[in-house]
Structures are given as C-alpha cells and as structure tokens.
file query.cif (mmCIF, C-alpha atoms)
data_run
loop_
_atom_site.label_atom_id
_atom_site.label_comp_id
_atom_site.auth_asym_id
_atom_site.auth_seq_id
_atom_site.Cartn_x
_atom_site.Cartn_y
_atom_site.Cartn_z
CA MET A 630 -81.38 -21.25 -7.27
CA SER A 631 -81.33 -21.53 -3.49
CA LEU A 632 -78.86 -22.92 -0.98
CA LEU A 633 -79.37 -26.24 0.77
CA LEU A 634 -78.04 -26.27 4.33
CA TYR A 635 -76.27 -29.34 5.75
CA GLY A 636 -75.10 -27.97 9.05
CA ILE A 637 -73.29 -25.34 11.02
CA VAL A 638 -69.71 -25.46 12.22
CA GLU A 639 -67.39 -23.14 14.07
CA ALA A 640 -65.44 -21.09 11.52
CA GLY A 641 -61.75 -21.89 11.86
CA GLY A 642 -62.72 -24.08 14.79
CA ALA A 643 -60.32 -26.19 16.80
CA SER A 644 -61.18 -29.18 14.68
CA GLY A 645 -60.10 -27.40 11.49
CA GLN A 646 -63.15 -28.41 9.49
CA VAL A 647 -62.21 -29.11 5.90
CA VAL A 648 -65.19 -28.91 3.59
CA SER A 649 -64.87 -30.68 0.29
CA GLY A 650 -66.76 -33.06 -1.91
CA VAL A 651 -70.34 -32.92 -3.04
CA GLY A 652 -73.77 -33.08 -1.47
CA LEU A 653 -77.21 -33.65 -2.97
CA ASP A 654 -77.41 -33.68 -6.78
CA ASN A 655 -73.62 -33.82 -6.88
CA GLU A 656 -73.43 -30.13 -6.10
CA PRO A 657 -70.12 -29.09 -4.53
CA LEU A 658 -70.18 -28.20 -0.82
CA ARG A 659 -68.99 -24.82 0.31
CA THR A 660 -69.07 -22.66 3.41
CA VAL A 661 -70.71 -19.34 4.13
CA VAL A 662 -68.90 -17.65 7.02
CA GLU A 663 -70.42 -15.10 9.36
CA GLY A 664 -68.58 -14.15 12.53
CA SER A 665 -67.39 -17.29 14.32
CA LEU A 666 -69.81 -19.56 12.48
CA ALA A 667 -69.82 -21.20 9.09
CA ALA A 668 -72.75 -22.82 7.33
CA ILE A 669 -72.07 -25.72 4.98
CA VAL A 670 -74.25 -25.45 1.90
CA SER A 671 -74.61 -26.49 -1.72
CA GLU A 672 -76.49 -24.93 -4.60
CA HIS A 673 -79.99 -26.27 -5.02
CA ALA A 674 -82.26 -25.78 -8.01
CA GLY A 675 -86.02 -26.11 -8.00
CA ALA A 676 -88.39 -26.90 -5.15
CA ASP A 677 -87.25 -27.97 -1.68
CA PRO A 678 -85.84 -31.49 -1.75
CA ARG A 679 -88.45 -34.13 -1.05
CA PRO A 680 -87.70 -36.79 1.52
CA GLU A 681 -87.15 -39.57 -0.96
CA ILE A 682 -84.95 -42.37 0.10
CA ASP A 683 -82.04 -41.59 -2.21
CA SER A 684 -82.01 -37.97 -1.09
CA LEU A 685 -82.24 -38.92 2.59
CA ARG A 686 -79.44 -41.40 2.27
CA ASN A 687 -77.31 -38.95 0.33
CA TYR A 688 -77.95 -36.20 2.87
CA GLU A 689 -77.20 -38.52 5.78
CA SER A 690 -73.91 -39.69 4.28
CA THR A 691 -72.89 -36.11 3.50
CA VAL A 692 -73.52 -34.93 7.06
CA ARG A 693 -71.87 -38.06 8.45
CA ARG A 694 -68.77 -37.38 6.33
CA LEU A 695 -68.72 -33.80 7.58
CA MET A 696 -69.04 -35.04 11.16
CA GLU A 697 -65.96 -37.18 10.69
CA GLY A 698 -64.03 -34.01 9.90
CA GLY A 699 -65.13 -32.18 13.04
CA GLU A 700 -68.08 -30.94 15.06
CA ILE A 701 -71.17 -30.13 13.08
CA LEU A 702 -74.61 -29.07 14.19
CA PRO A 703 -76.71 -30.77 11.53
CA ALA A 704 -79.62 -29.03 9.84
CA ARG A 705 -83.03 -30.61 9.42
CA PHE A 706 -83.33 -32.36 6.07
CA GLY A 707 -84.63 -30.09 3.33
CA SER A 708 -83.60 -26.78 4.90
CA THR A 709 -83.11 -24.28 2.13
CA LEU A 710 -82.31 -20.59 2.23
CA ALA A 711 -82.76 -18.13 -0.60
CA ASP A 712 -79.16 -16.99 -0.93
CA GLU A 713 -75.94 -16.24 0.95
CA GLY A 714 -77.53 -13.18 2.48
CA ALA A 715 -80.24 -15.33 4.07
CA VAL A 716 -77.64 -17.77 5.38
CA ARG A 717 -75.63 -14.94 6.91
CA GLY A 718 -78.83 -13.54 8.40
CA LEU A 719 -79.55 -16.86 10.09
CA LEU A 720 -76.01 -17.09 11.47
CA ARG A 721 -76.17 -13.50 12.74
CA ARG A 722 -79.62 -13.83 14.27
CA ARG A 723 -78.83 -17.00 16.18
CA HIS A 724 -75.09 -16.52 16.57
CA ARG A 725 -74.85 -16.91 20.32
CA ASP A 726 -77.18 -19.90 20.54
CA LEU A 727 -75.70 -21.78 17.58
CA LEU A 728 -72.10 -21.13 18.62
CA SER A 729 -72.75 -22.38 22.12
CA ARG A 730 -74.47 -25.51 20.74
CA VAL A 731 -71.65 -26.24 18.28
CA ARG A 732 -69.15 -25.96 21.12
CA ARG A 733 -71.24 -28.13 23.42
CA VAL A 734 -71.31 -31.01 20.92
CA ARG A 735 -67.55 -30.93 20.41
CA GLY A 736 -66.06 -34.40 20.64
CA THR A 737 -69.44 -36.09 20.96
CA VAL A 738 -71.83 -38.23 18.95
CA GLU A 739 -75.51 -38.94 19.41
CA LEU A 740 -76.76 -42.39 20.35
CA ALA A 741 -80.41 -43.35 20.06
CA LEU A 742 -81.95 -45.78 22.51
CA ARG A 743 -85.38 -47.30 22.35
CA ALA A 744 -86.94 -49.59 24.93
CA ARG A 745 -89.66 -51.80 23.49
CA TRP A 746 -91.98 -54.08 25.45
CA ARG A 747 -90.99 -57.67 24.97
CA PRO A 748 -93.70 -59.81 23.39
CA GLY A 749 -96.20 -60.79 26.05
CA THR A 750 -95.28 -58.01 28.46
CA GLU A 751 -97.11 -55.18 26.74
CA VAL A 752 -99.11 -53.12 29.16
CA THR A 753 -101.24 -51.98 26.27
CA PRO A 754 -104.80 -53.18 26.77
CA SER A 755 -105.73 -55.69 24.11
CA ALA A 756 -109.38 -54.61 24.04
CA PRO A 757 -110.66 -51.12 23.35
CA PRO A 758 -111.52 -49.26 26.57
CA SER A 759 -115.10 -49.84 27.67
CA SER A 760 -115.49 -46.40 29.21
CA GLY A 761 -113.81 -43.04 29.60
CA THR A 762 -112.66 -44.03 33.06
CA SER A 763 -111.02 -47.22 31.88
CA TYR A 764 -109.38 -45.30 29.03
CA LEU A 765 -107.84 -42.88 31.50
CA ARG A 766 -106.83 -45.74 33.80
CA ASP A 767 -105.09 -47.50 30.88
CA ARG A 768 -103.30 -44.30 29.96
CA LEU A 769 -102.13 -43.79 33.50
CA GLU A 770 -100.91 -47.35 33.75
CA LEU A 771 -99.00 -47.01 30.48
CA ARG A 772 -97.39 -43.82 31.72
CA GLN A 773 -96.42 -45.32 35.06
CA SER A 774 -94.94 -48.39 33.39
CA ALA A 775 -92.93 -46.17 31.06
CA ARG A 776 -91.61 -44.18 34.03
CA ARG A 777 -90.59 -47.40 35.75
CA VAL A 778 -88.63 -48.54 32.67
CA ALA A 779 -87.10 -45.08 32.27
CA SER A 780 -85.81 -45.10 35.82
CA GLU A 781 -83.96 -48.35 35.08
CA LEU A 782 -82.12 -46.54 32.30
CA ASP A 783 -80.96 -43.67 34.49
CA PRO A 784 -77.39 -45.00 34.91
CA LEU A 785 -76.84 -44.18 31.22
CA THR A 786 -77.16 -40.45 31.84
CA ALA A 787 -74.00 -40.58 33.96
CA LEU A 788 -72.07 -41.58 30.81
CA ALA A 789 -73.61 -38.85 28.64
CA ARG A 790 -72.99 -35.15 28.39
CA SER A 791 -76.67 -34.55 27.80
CA SER A 792 -79.83 -36.48 27.04
CA ARG A 793 -83.37 -36.11 25.71
CA ARG A 794 -86.21 -38.39 26.71
CA THR A 795 -89.62 -39.08 25.23
CA LEU A 796 -91.92 -41.22 27.37
CA SER A 797 -94.45 -43.50 25.67
CA PRO A 798 -94.16 -42.11 22.12
CA ALA A 799 -96.00 -45.26 20.97
CA PRO A 800 -97.94 -47.98 22.82
CA ASP A 801 -95.18 -50.57 22.29
CA LEU A 802 -92.42 -48.11 23.08
CA PRO A 803 -92.23 -46.95 26.70
CA VAL A 804 -89.00 -44.99 26.30
CA LEU A 805 -87.27 -43.23 23.41
CA ASP A 806 -84.00 -41.57 24.42
CA ALA A 807 -81.23 -39.66 22.70
CA TYR A 808 -77.84 -39.33 24.38
CA LEU A 809 -74.97 -37.01 23.60
CA VAL A 810 -71.92 -39.13 24.33
CA GLU A 811 -68.23 -38.31 24.14
CA ARG A 812 -66.59 -40.34 21.40
CA ASP A 813 -64.23 -42.13 23.72
CA ARG A 814 -67.10 -43.21 25.98
CA VAL A 815 -69.21 -44.79 23.24
CA ARG A 816 -67.95 -48.31 23.91
CA GLU A 817 -68.54 -47.94 27.61
CA PHE A 818 -72.04 -46.63 26.89
CA VAL A 819 -72.88 -49.52 24.56
CA ALA A 820 -71.55 -52.02 27.08
CA LEU A 821 -73.82 -50.54 29.75
CA VAL A 822 -76.79 -50.71 27.37
CA ALA A 823 -76.07 -54.40 26.84
CA GLN A 824 -75.76 -54.95 30.59
CA LEU A 825 -79.02 -53.14 31.33
CA GLY A 826 -80.71 -54.99 28.48
CA ASP A 827 -79.75 -58.30 30.03
CA SER A 828 -81.15 -57.28 33.38
CA LEU A 829 -84.51 -56.02 32.12
CA ASP A 830 -87.17 -58.66 31.63
CA GLU A 831 -89.97 -56.50 30.33
CA VAL A 832 -88.24 -54.56 27.58
CA GLU A 833 -85.66 -55.02 24.89
CA LEU A 834 -83.24 -52.22 24.24
CA THR A 835 -82.01 -51.11 20.85
CA CYS A 836 -79.23 -48.61 20.51
CA THR A 837 -78.27 -47.07 17.16
CA GLY A 838 -75.61 -44.61 16.18
CA PRO A 839 -73.29 -42.86 16.27
CA TRP A 840 -75.39 -40.10 14.74
CA PRO A 841 -74.56 -36.46 14.22
CA PRO A 842 -76.18 -34.56 17.14
CA TYR A 843 -79.55 -34.04 15.42
CA SER A 844 -81.51 -34.20 18.67
CA PHE A 845 -79.39 -31.53 20.34
CA ALA A 846 -79.58 -28.84 17.66
CA GLU A 847 -82.80 -27.23 18.90
CA GLY A 848 -84.87 -27.17 22.06
CA ALA A 849 -83.52 -26.76 25.57
CA PRO A 850 -79.86 -25.76 25.73
CA VAL A 851 -77.52 -28.74 25.68
CA MET B 1297 -60.20 -37.24 14.96
CA LYS B 1298 -61.23 -40.84 14.68
CA PRO B 1299 -63.92 -41.39 12.04
CA ALA B 1300 -67.34 -42.08 13.45
CA ARG B 1301 -68.25 -45.73 13.25
CA THR B 1302 -71.72 -47.05 13.00
CA LEU B 1303 -72.78 -49.37 15.72
CA TYR B 1304 -75.87 -51.28 16.57
CA ALA B 1305 -76.55 -52.73 19.95
CA SER B 1306 -79.67 -54.64 20.73
CA THR B 1307 -81.00 -57.07 23.24
CA ALA B 1308 -83.67 -58.12 20.78
CA SER B 1309 -83.50 -61.57 19.34
CA PRO B 1310 -82.20 -61.73 15.77
CA ALA B 1311 -85.72 -62.36 14.50
CA THR B 1312 -87.08 -59.17 16.02
CA ARG B 1313 -83.93 -57.14 15.48
CA SER B 1314 -85.50 -55.68 12.43
CA ALA B 1315 -83.42 -53.42 10.25
CA PRO B 1316 -86.11 -50.72 10.04
CA VAL B 1317 -85.30 -49.62 13.61
CA GLY B 1318 -82.19 -47.97 12.21
CA LEU B 1319 -84.28 -46.40 9.49
CA VAL B 1320 -86.84 -45.07 11.93
CA ASP B 1321 -84.05 -43.54 13.99
CA LEU B 1322 -82.64 -42.05 10.81
CA LEU B 1323 -85.98 -40.52 9.78
CA ASP B 1324 -86.55 -39.25 13.32
CA ARG B 1325 -83.29 -37.38 13.13
CA LEU B 1326 -83.31 -36.05 9.59
CA LEU B 1327 -86.96 -35.01 9.56
CA ALA B 1328 -87.63 -34.05 13.17
CA GLY B 1329 -84.18 -33.10 14.49
CA GLY B 1330 -81.50 -30.71 13.35
CA VAL B 1331 -81.31 -26.96 13.16
CA VAL B 1332 -84.59 -25.51 11.90
CA VAL B 1333 -84.32 -22.56 9.54
CA GLN B 1334 -87.82 -22.41 8.11
CA ALA B 1335 -91.26 -22.33 9.57
CA HIS B 1336 -91.94 -25.71 8.08
CA VAL B 1337 -90.07 -28.31 6.13
CA THR B 1338 -91.74 -30.99 4.09
CA LEU B 1339 -92.46 -33.79 6.49
CA ALA B 1340 -94.27 -36.15 4.20
CA VAL B 1341 -92.54 -39.47 4.07
CA ALA B 1342 -95.06 -41.15 1.84
CA ASP B 1343 -92.42 -41.62 -0.82
CA VAL B 1344 -90.17 -43.53 1.52
CA ASP B 1345 -90.47 -47.23 1.05
CA LEU B 1346 -89.50 -48.55 4.44
CA VAL B 1347 -88.93 -52.04 3.18
CA ASP B 1348 -86.78 -50.94 0.31
CA VAL B 1349 -84.07 -49.41 2.40
CA ASP B 1350 -80.84 -51.22 2.71
CA ILE B 1351 -80.40 -50.14 6.28
CA MET B 1352 -77.50 -52.50 6.66
CA LEU B 1353 -75.47 -49.66 5.24
CA LEU B 1354 -76.15 -47.87 8.48
CA VAL B 1355 -75.98 -50.57 11.05
CA ALA B 1356 -73.33 -53.06 11.96
CA ALA B 1357 -73.26 -55.66 14.67
CA THR B 1358 -72.12 -54.72 18.15
CA ALA B 1359 -69.56 -57.45 17.77
CA THR B 1360 -67.90 -55.42 15.05
CA LEU B 1361 -67.66 -52.47 17.35
CA ALA B 1362 -66.32 -54.58 20.18
CA SER B 1363 -63.60 -55.96 17.96
CA ARG B 1364 -62.19 -52.56 17.14
#
call {"tool": "encode", "arguments": {"input": "query.cif", "output": "structure tokens"}}
result
Amino acid sequence: MSLLLYGIVEAGGASGQVVSGVGLDNEPLRTVVEGSLAAIVSEHAGADPRPEIDSLRNYESTVRRLMEGGEILPARFGSTLADEGAVRGLLRRRHRDLLSRVRRVRGTVELALRARWRPGTEVTPSAPPSSGTSYLRDRLELRQSARRVASELDPLTALARSSRRTLSPAPDLPVLDAYLVERDRVREFVALVAQLGDSLDEVELTCTGPWPPYSFAEGAPV
Amino acid sequence: MKPARTLYASTASPATRSAPVGLVDLLDRLLAGGVVVQAHVTLAVADVDLVDVDIMLLVAATATLASR
C-alpha cells in the first residue's frame, strides 16, 4: 500500500482548506502535515496508476474540487510515495520552495492559450526540404514566425501574475502559453484573448481553463 | 472563495473548434505539469482514447462565462 499524492497546500492556510471526499478508487482523501505544508493523499494499492481515461478524469475532478476549496499546488498524475514518512520527507526537503509556490498561486488559476496557424497560412513547408540548408532555413523561418505571433500576445502578460511560453512546440502551433491569472481577472483576460484573436489574421487562439496551476508547480520560480 | 468555473474561449470556427484541444491541455497538465516527486512517472498515454473522451465535461462556451 502506497500513498497517491494529489497536491500540496499550506497547512492551516488562509483559505482554510477543508479536505474531504474521495479520490481515485474511491479512497478517502486525507492530509499529511509537515511544518507549514500539508500533502493531500489517498491510499493506493498495487502498481502506480496508469493514465487511463477514467483515472485521469477522476484525478482531474478531485484536484479541481480541492482547488475550489483553496490554493493547491497540484502533483503530476500518478505520483506515489511509499508511506507517510516519504511524504513528510518530501515536504521537509522542499519546504521553502513548495511553500513559496503555494503562496504565489494564492487566488489564481491557470489558463492555457494556444495559437494555431489558420488553414492556408501555415509557414510549414509542404514539401520535404531538398537540402540541409533549406531545412535550416525552414526552421529559422518557423521560429521567426512564431516569435512574431508571440509578440502579438504580449499584452496578455500584463493581466497575469506569471506566464510560461513554449515557442513552436509543433509545426501547426507557433505558440503554447500558460498564464497564472488572478481569479477576478479571468473575464478580463478572456475578453482580451477574444480581442486579440479577432485582430490576428494568421492564427486562431484557443484558451482553456481555469486549471489548477499545473504549469507553475516546477521549473523557474513563479 | 468562488468555485472555479470552466471556460473555453476560441477564435476558431465551430468546425475546427475541436473538443480534443481541451483534452490535450488536460493531458499536458496532468502528465507533464504538477509537482514531481519521483524520477519518472508513467507517461504512456497509449491507453487514452482521444476520441472517446467526453471533453464537454471540461469545456463550456465563452458565452456561458460571459453570462455569469
């Protein structure tokens, strides 16, 4: 029996996180407290959970429900720890970093934004490159086009507490962004996305969310 | 605290506003985001049938959000 981790919250935090209900496999949720942090876990038997659709959906709805009760730094799907001792070890080892991240996401949600080339405006070459030089030239052009689109989206960062950007993750996708947005600015943010979308001829914008702050749990400090 | 509401904003035409975008964003977050506690977590998504997901559970029209 191991413990499946859903996320990390501030113990006795300002939001007064109430943990109840069940998670995967209908196992009851509970907290493991260490210092100023609490991990939300449930018992888990057997191998690490596989990313099957029912499990993913169940996990997502559990974390989402927890987010509605207060700030949570979500864990990656399938994160298991051997026992309470291992959970406490994690919270001790990364106490400062995790606490500062939990506090930085307070009152926010994550919004995902993808810019996709509109049909007919793809800069992707339709034919395979005829030489190494043309391959590199195509790559450069793709990168420059992505940068141009990204710069058009810059006004969005003014409405966000933090953001993460991936340029050209796929040929049809020049920009993939994640924004950490205060809850009471979400409508303003979405309205600006719509406005920018109307003004951009080359790309269509798709914004999804609000998500728990998955993209701000690791990597550069928020 | 106000419960989080799901929203979906897109400038794509309805025909191209394919539901799987929400699913891709979901998979991106659950499988590649979040606090990492182990060296590696199963990343295989072969078992996920992208077409089979009722992503409408996750996404709602912007109009719904605007009418709040």
call {"tool": "residues_around", "arguments": {"input": "query.cif", "residues": "Thr737 (chain A)", "least_positions_apart": "4", "cutoff": "6 Å", "atoms": "all atoms listed in the file", "output": "MDAnalysis selection string"}}
result
chainID A and resid 810:812
call {"tool": "resolve_selection", "arguments": {"input": "query.cif", "expression": "the PyMOL selection byres ((chain A) within 9 of (chain B))", "output": "mmCIF file with C-alpha atoms, in the coordinates of the input"}}
result
data_model
loop_
_atom_site.group_PDB
_atom_site.id
_atom_site.type_symbol
_atom_site.label_atom_id
_atom_site.label_comp_id
_atom_site.auth_asym_id
_atom_site.auth_seq_id
_atom_site.Cartn_x
_atom_site.Cartn_y
_atom_site.Cartn_z
ATOM 1 C CA LEU A 634 -78.040 -26.270 4.330
ATOM 2 C CA GLY A 636 -75.100 -27.970 9.050
ATOM 3 C CA ILE A 637 -73.290 -25.340 11.020
ATOM 4 C CA SER A 644 -61.180 -29.180 14.680
ATOM 5 C CA ASP A 677 -87.250 -27.970 -1.680
ATOM 6 C CA PRO A 678 -85.840 -31.490 -1.750
ATOM 7 C CA ARG A 679 -88.450 -34.130 -1.050
ATOM 8 C CA PRO A 680 -87.700 -36.790 1.520
ATOM 9 C CA GLU A 681 -87.150 -39.570 -0.960
ATOM 10 C CA ILE A 682 -84.950 -42.370 0.100
ATOM 11 C CA LEU A 685 -82.240 -38.920 2.590
ATOM 12 C CA TYR A 688 -77.950 -36.200 2.870
ATOM 13 C CA GLU A 689 -77.200 -38.520 5.780
ATOM 14 C CA ARG A 693 -71.870 -38.060 8.450
ATOM 15 C CA ARG A 694 -68.770 -37.380 6.330
ATOM 16 C CA MET A 696 -69.040 -35.040 11.160
ATOM 17 C CA GLU A 697 -65.960 -37.180 10.690
ATOM 18 C CA GLY A 698 -64.030 -34.010 9.900
ATOM 19 C CA GLY A 699 -65.130 -32.180 13.040
ATOM 20 C CA LEU A 702 -74.610 -29.070 14.190
ATOM 21 C CA PRO A 703 -76.710 -30.770 11.530
ATOM 22 C CA ALA A 704 -79.620 -29.030 9.840
ATOM 23 C CA ARG A 705 -83.030 -30.610 9.420
ATOM 24 C CA PHE A 706 -83.330 -32.360 6.070
ATOM 25 C CA GLY A 707 -84.630 -30.090 3.330
ATOM 26 C CA SER A 708 -83.600 -26.780 4.900
ATOM 27 C CA THR A 709 -83.110 -24.280 2.130
ATOM 28 C CA LEU A 710 -82.310 -20.590 2.230
ATOM 29 C CA LEU A 719 -79.550 -16.860 10.090
ATOM 30 C CA LEU A 727 -75.700 -21.780 17.580
ATOM 31 C CA GLY A 736 -66.060 -34.400 20.640
ATOM 32 C CA VAL A 738 -71.830 -38.230 18.950
ATOM 33 C CA ALA A 741 -80.410 -43.350 20.060
ATOM 34 C CA ARG A 747 -90.990 -57.670 24.970
ATOM 35 C CA ARG A 812 -66.590 -40.340 21.400
ATOM 36 C CA ARG A 816 -67.950 -48.310 23.910
ATOM 37 C CA VAL A 819 -72.880 -49.520 24.560
ATOM 38 C CA ALA A 820 -71.550 -52.020 27.080
ATOM 39 C CA VAL A 822 -76.790 -50.710 27.370
ATOM 40 C CA ALA A 823 -76.070 -54.400 26.840
ATOM 41 C CA GLY A 826 -80.710 -54.990 28.480
ATOM 42 C CA ASP A 827 -79.750 -58.300 30.030
ATOM 43 C CA VAL A 832 -88.240 -54.560 27.580
ATOM 44 C CA GLU A 833 -85.660 -55.020 24.890
ATOM 45 C CA LEU A 834 -83.240 -52.220 24.240
ATOM 46 C CA THR A 835 -82.010 -51.110 20.850
ATOM 47 C CA CYS A 836 -79.230 -48.610 20.510
ATOM 48 C CA THR A 837 -78.270 -47.070 17.160
ATOM 49 C CA GLY A 838 -75.610 -44.610 16.180
ATOM 50 C CA PRO A 839 -73.290 -42.860 16.270
ATOM 51 C CA TRP A 840 -75.390 -40.100 14.740
ATOM 52 C CA PRO A 841 -74.560 -36.460 14.220
ATOM 53 C CA PRO A 842 -76.180 -34.560 17.140
ATOM 54 C CA TYR A 843 -79.550 -34.040 15.420
ATOM 55 C CA SER A 844 -81.510 -34.200 18.670
ATOM 56 C CA PHE A 845 -79.390 -31.530 20.340
ATOM 57 C CA ALA A 846 -79.580 -28.840 17.660
ATOM 58 C CA GLU A 847 -82.800 -27.230 18.900
#
call {"tool": "residues_near_point", "arguments": {"input": "query.cif", "point": "(-84.5, -29.1, 30.7)", "cutoff": "12 Å", "atoms": "only C-alpha atoms", "output": "number ranges by chain"}}
result
A: 791-794, 845, 848-851
call {"tool": "residues_around", "arguments": {"input": "query.cif", "residues": "Val778 (chain A)", "least_positions_apart": "3", "cutoff": "9 Å", "atoms": "all atoms listed in the file", "output": "number ranges by chain"}}
result
A: 744, 773-775, 781-782, 803-804, 829, 831-832
call {"tool": "write_last_selection", "arguments": {"input": "query.cif", "atoms": "C-alpha atoms", "output": "compact mmCIF listing (two decimals), in the coordinates of the input"}}
result
# COMPACT_ATOMS: atom_id res chain seq x y z
CA ALA A 744 -86.94 -49.59 24.93
CA GLN A 773 -96.42 -45.32 35.06
CA SER A 774 -94.94 -48.39 33.39
CA ALA A 775 -92.93 -46.17 31.06
CA GLU A 781 -83.96 -48.35 35.08
CA LEU A 782 -82.12 -46.54 32.30
CA PRO A 803 -92.23 -46.95 26.70
CA VAL A 804 -89.00 -44.99 26.30
CA LEU A 829 -84.51 -56.02 32.12
CA GLU A 831 -89.97 -56.50 30.33
CA VAL A 832 -88.24 -54.56 27.58
call {"tool": "residues_around", "arguments": {"input": "query.cif", "residues": "Gly652 (chain A)", "least_positions_apart": "2", "cutoff": "9 Å", "atoms": "all atoms listed in the file", "output": "list in words"}}
result
Tyr635, Gly650, Asp654, Asn655, Glu656, Pro657, Leu658, Val670, Ser671, Asn687, Tyr688, Ser690, Thr691 and Val692 of chain A
call {"tool": "write_last_selection", "arguments": {"input": "query.cif", "atoms": "C-alpha atoms", "output": "CSV table (one decimal), keeping the file's coordinate frame"}}
result
chain,number,residue,atom,x,y,z
A,635,TYR,CA,-76.3,-29.3,5.8
A,650,GLY,CA,-66.8,-33.1,-1.9
A,654,ASP,CA,-77.4,-33.7,-6.8
A,655,ASN,CA,-73.6,-33.8,-6.9
A,656,GLU,CA,-73.4,-30.1,-6.1
A,657,PRO,CA,-70.1,-29.1,-4.5
A,658,LEU,CA,-70.2,-28.2,-0.8
A,670,VAL,CA,-74.2,-25.4,1.9
A,671,SER,CA,-74.6,-26.5,-1.7
A,687,ASN,CA,-77.3,-39.0,0.3
A,688,TYR,CA,-78.0,-36.2,2.9
A,690,SER,CA,-73.9,-39.7,4.3
A,691,THR,CA,-72.9,-36.1,3.5
A,692,VAL,CA,-73.5,-34.9,7.1
call {"tool": "atom_distance", "arguments": {"input": "query.cif", "atom1": "CA of Pro784 (chain A)", "atom2": "CA of Ala807 (chain A)"}}
result
13.9 Å
call {"tool": "resolve_selection", "arguments": {"input": "query.cif", "expression": "the PyMOL selection byres ((chain A and resi 724) around 12)", "output": "ChimeraX atom specification"}}
result
/A:637-640,662-668,716-723,725-731
call {"tool": "atom_distance", "arguments": {"input": "query.cif", "atom1": "CA of Asp813 (chain A)", "atom2": "CA of Asp830 (chain A)"}}
result
29.4 Å
call {"tool": "atom_distance", "arguments": {"input": "query.cif", "atom1": "CA of Asp801 (chain A)", "atom2": "CA of Gly749 (chain A)"}}
result
10.9 Å
